[in-house]
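Colleague: My questions all concern the structure below.
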Amino acid sequence: MNALTLDNTILKVKGKAFSYRKKLNKFGVFDFLFKNFLGLSAISFIILLIGIFLTLLIQSIPSIEVFGINFYTKSVWDPVQSQFGSLPFLAGTVITSFLALLITIPFSLAVSLFLGEYFSKGFLSNLMKNCIELLGGIPSVIYGFWGLFFLVPIMRAFESSIGVPPLGIGISTTSLLLFVMIIPYSASIGREVISLVPSNLKEAALALGATKYEVVRSVILPYAKSGIFAGILLALGRALGETMAVTMVIGNRNLLPDSIFGPANTMASLIANEFTEATGDVYLSSLIQIGLLLFIVTTVINIVGKQIIKRFGKD
Amino acid sequence: MSNLKNRKIKNSIFKSLVVIFALASAVPLLIILFFITKEGISSLNLNFLFSLPKPVGETGGGIANAIVGTFILIIIATVISVPTGIAIGIFLNEYKKHKLSYYTRLCVNILQGTPSIVIGMIAYLWIVKQIGSFSAFSGGIALSIMMLPVIITSTEETLKLLPYSLKESAYALGIPYYATILKVVLPAGINGILTGVMLSVARVAGETAPLLFTAFGSPFMNLDIMKPVSSLPHVIFTYATSPYNEFHSLAWGASFVLIAFVLIMNISAKMISKRWKVKF
C-alpha cells in the first residue's frame with residue numbers, strides 16, 4: 001500500500017515536471033536563437049578576417065599584373081610616370097625595425113628580469129609595472145609629436161657634432177622612437193615567461209652555490225629563451241606596422257636610404273602619406289599591395305609568436 | 001677564494017646593470033609626461049576646450065570640434081563592437097574545444113597584430129569608396145574592428161575564471177540557457193568585461209592611422225555621422241606637422257587632453273577590475 005502511494009506521488013511529481021518542462025519549452029526558442037546568435041557572431045568574425053585578406057588581395061591584382069615580382073626589386077617610386085617599385089620602403093621598414101629591436105633587447109630583458117626575478121613583489125615592482133603599462137598606452141601620434149620636438153633637436157645636435165648633415169629626422173631618430181614604443185610589448189611577455197620558470201630549478205642552482213647572476217645565466221635564460229624570443233618577435237610585428245610616429249620623424253623620402261642618419265620612408269608611412277592622394281588604379285593598387293604585404297608579414301609573425309608562447313605555457 | 005670574489009663582483013655588476021637598464025626604460029615615460037604637462041597646461045583654458053579652431057594667423061581658437069568628434073567616433077565604435085565582442089567572447093568560453101572556436105581565436109590573434117593603417121585602408125575600400133565620401137561612420141567602423149580583439153579576449157578570459165558551479169546552480173533552478181548566460185554568468189564577470197571595454201576605448205581613442213582615410217578631419221563642428229569629423233589624435237597630427245607656432249601650442253594642449261583621457265580610462269579600468277570583482 002505504502003509503495004503504491006509512493007508510486008503515485010512519484011507519478012504526480014513526474015507529471016508536474018512534465019508540465020513545467022512544457023512551460024520551459026517556450027524558452028527553448030530563445031535558447032535556440034541565443035545559441036545561433038553566438039555562433040553567427042563567431043562565424044561573421046571569421047568572415048571579417050577573410051574579407052580583409054580577400055579585399056586586399058583582389059584590389060592589388062592590377063599592380064601585381066603590371067609589375068609582377070619587379071614590384072619588390074625595383075627602387076623607383078614615380079607616380080607621375082606610373083612606375084612603382086617598393087624596394088625603398090621595404091628597406092626603410094626593415095632597417096628601422098631591426099635597429100629598434102637591437103636597441104630594445106637589452107632594455108626589455110632588463111625590465112623582464114627586474115619584474116620577473118629581482119623585484120617580483122613590492123612597491124618598486126608595482127611602480128615599474130605601471131610605468132611600462134602606461135608607456136604602452138600612450139597613443140602613437142603623441143610619441144611622434146614628442147619625437148619631433150624632443151628627439152629631433154637632440155639628434156640634430158648629435159649629428160652636427162659627428163659631422164653628418166644635421167637633419168634631425170631620419171632612420172636613426174625613427175629607430176630610437178620605435179625602441180621606446182616597443183619596450184612594453186617585449187617586456188610584458190618577457191616578465192611573464194620569466195616568472196613562470198619553476199622555482200625548484202632556481203632553488204636547486206642556488207643550493208649548489210650559484211650566485212644570482214649564474215642562476216639567471218644558466219637556469220632562467222635557457223628555460224625562458226623561447227618565450228623571450230616570442231616577445232621580441234611580437235614587438236617586431238608592432239614596429240613593422242607602426243605608422244603615425246614613424247611618419248612624423250622619418251622624413252618621408254621615397255628613395256633607397258643611403259645612410260642611417262638620412263631620411264627614408266617605411267611601408268606604413270608611405271600608405272599614410274599617399275593613400276588619399278592616389279589617383280589612378282595602378283597607383284592605388286600598388287599602395288594596397290604594400291598593405292597586403294604588411295598584413296601577411298604581421299600575420300605570420302603574430303601566429304608564430306603566439307604559437308611559441310602557447311607551447312611555452314604547456315611545458 | 002679570489003674566484004668567489006670574482007663571481008660575487010660579477011653578480012653585483014649584473015644586478016646593477018639590470019636595475020639601471022630597467023629604470024632607464026621608464027625614463028621616456030617621465031620625459032613625455034613632463035613635456036606634455038609643461039607645454040599643454042599653458043595652452044589649456046575654457047576657450048581652448050569650447051571653441052572652434054581659427055585660421056592661420058589668428059591667435060586663440062580651440063579643439064571643441066575634435067573633442068566632440070572623438071566622442072562620436074568612440075560611441076559608434078563602442079555600439080558596434082561591444083555586443084558582438086561580448087557575444088564572440090561568450091561563444092569562445094561556451095564552446096572551448098569547438099573547431100569554430102579554434103579558428104575564431106586564430107582570427108583574434110591575427111587582428112590583434114594587424115597594423116592599424118591596414119584597417120584604415122579596409123574601411124576606406126569597404127565604406128568610403130562605396131558611399132563616395134569620408135564620414136564619421138566609416139571611422140567608427142574602423143575603430144570598432146580595432147576594439148573587437150581586446151573585448152573578445154577580455155570577455156573570454158573573465159568568463160573562463162568563473163566557477164562551473166555558478167552555471168550548474170542556475171540550471172538546477174530550471175533557468176533556461178540564455179537567461180543563465182545573460183543574467184547569471186555575465187553579471188558575475190561584469191568587472192572583467194567592463195575593464196576590457198574601457199581598455200579598448202583607451203586604445204582606439206589615440207588611434208590616428210585608421211582615421212586618416214575614413215573620418216578624415218574637418219575644421220567645423222559636425223554632428224552628422226555621414227560627414228567627416230575631426231578627432232583629437234588627428235588634430236594633433238595635423239597641427240604638429242604644420243609650420244606654425246600657434247598650431248604647435250594647440251597640438252600640445254590637445255595632446256594633454258588626449259593623454260589625460262587615456263590615462264584616466266586606464267586607471268579607472270584597473271579600479272573597476274578590482275572593486276567590482278564578484279567573489280566566490
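Following the order of the C-alpha cells, chains are lettered A, B, ..., residues in each are numbered from 1, and ligands are numbered from 1.
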B:Ser16: which residues within 12 Å, counting only C-alpha atoms, same-chain residues fewer than 6 positions away excluded, as a compact mmCIF listing (two decimals) with C-alpha atoms, in the first residue's frame?
Modeller:
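Written file, result.txt:
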```
# COMPACT_ATOMS: atom_id res chain seq x y z
CA ALA A 110 66.42 44.09 -18.03
CA LEU A 113 64.38 40.30 -15.16
CA PHE A 114 63.68 43.27 -12.89
CA TYR A 118 64.82 40.61 -8.92
CA TYR A 213 73.79 36.03 -11.90
CA ILE B 9 81.57 41.04 -8.18
CA LYS B 10 80.10 39.75 -11.42
CA ALA B 22 65.14 48.79 -16.28
CA LEU B 23 64.92 52.22 -14.71
CA ALA B 24 66.22 53.77 -17.93
```
Colleague: Where does stretch 202-255 of chain B meet stretch 106-124 of chain B within 7 Å, residue by residue, with the nearest atom pair and distance in Å to one decimal for each, counting only C-alpha atoms, listed by chain and rising number, as JSON lines?
Modeller:
```
{"residue": "B:Ala209", "atom": "CA", "partner": "B:Ile117", "partner_atom": "CA", "distance": 5.0}
{"residue": "B:Pro210", "atom": "CA", "partner": "B:Gly120", "partner_atom": "CA", "distance": 3.7}
{"residue": "B:Leu211", "atom": "CA", "partner": "B:Gly120", "partner_atom": "CA", "distance": 6.4}
{"residue": "B:Phe213", "atom": "CA", "partner": "B:Tyr124", "partner_atom": "CA", "distance": 6.0}
{"residue": "B:Thr214", "atom": "CA", "partner": "B:Tyr124", "partner_atom": "CA", "distance": 5.8}
```
Colleague: Write out as a PyMOL selection string which residues come within 7 Å of stretch 136-145 of chain A when counting only C-alpha atoms, dropping same-chain ones fewer than 3 positions away.
Modeller: (chain A and resi 132-133+148-149+181+184+244-246+248-249) or (chain B and resi 203+206-208+233+237+240+255+259)
Colleague: Using only C-alpha atoms, determine which residues lie at most 10 Å from A:Ser188, disregarding the query and same-chain residues fewer than 2 positions distant; provide the list as a ChimeraX atom specification.
Modeller: /A:108-109,111-112,115-116,129,132-133,136,183-186,190-193,228,231
Colleague: Pick out the chain A residues within 7 Å of chain B. Count only C-alpha atoms. Give them as a PyMOL selection string.
Modeller: chain A and resi 27+30-31+34+38-39+41-42+46+49+52+107+110-111+114+131-132+135+137-139+141-142+145-146+211-213+237+241-244+268+272+276+291+295+298-299+302-303
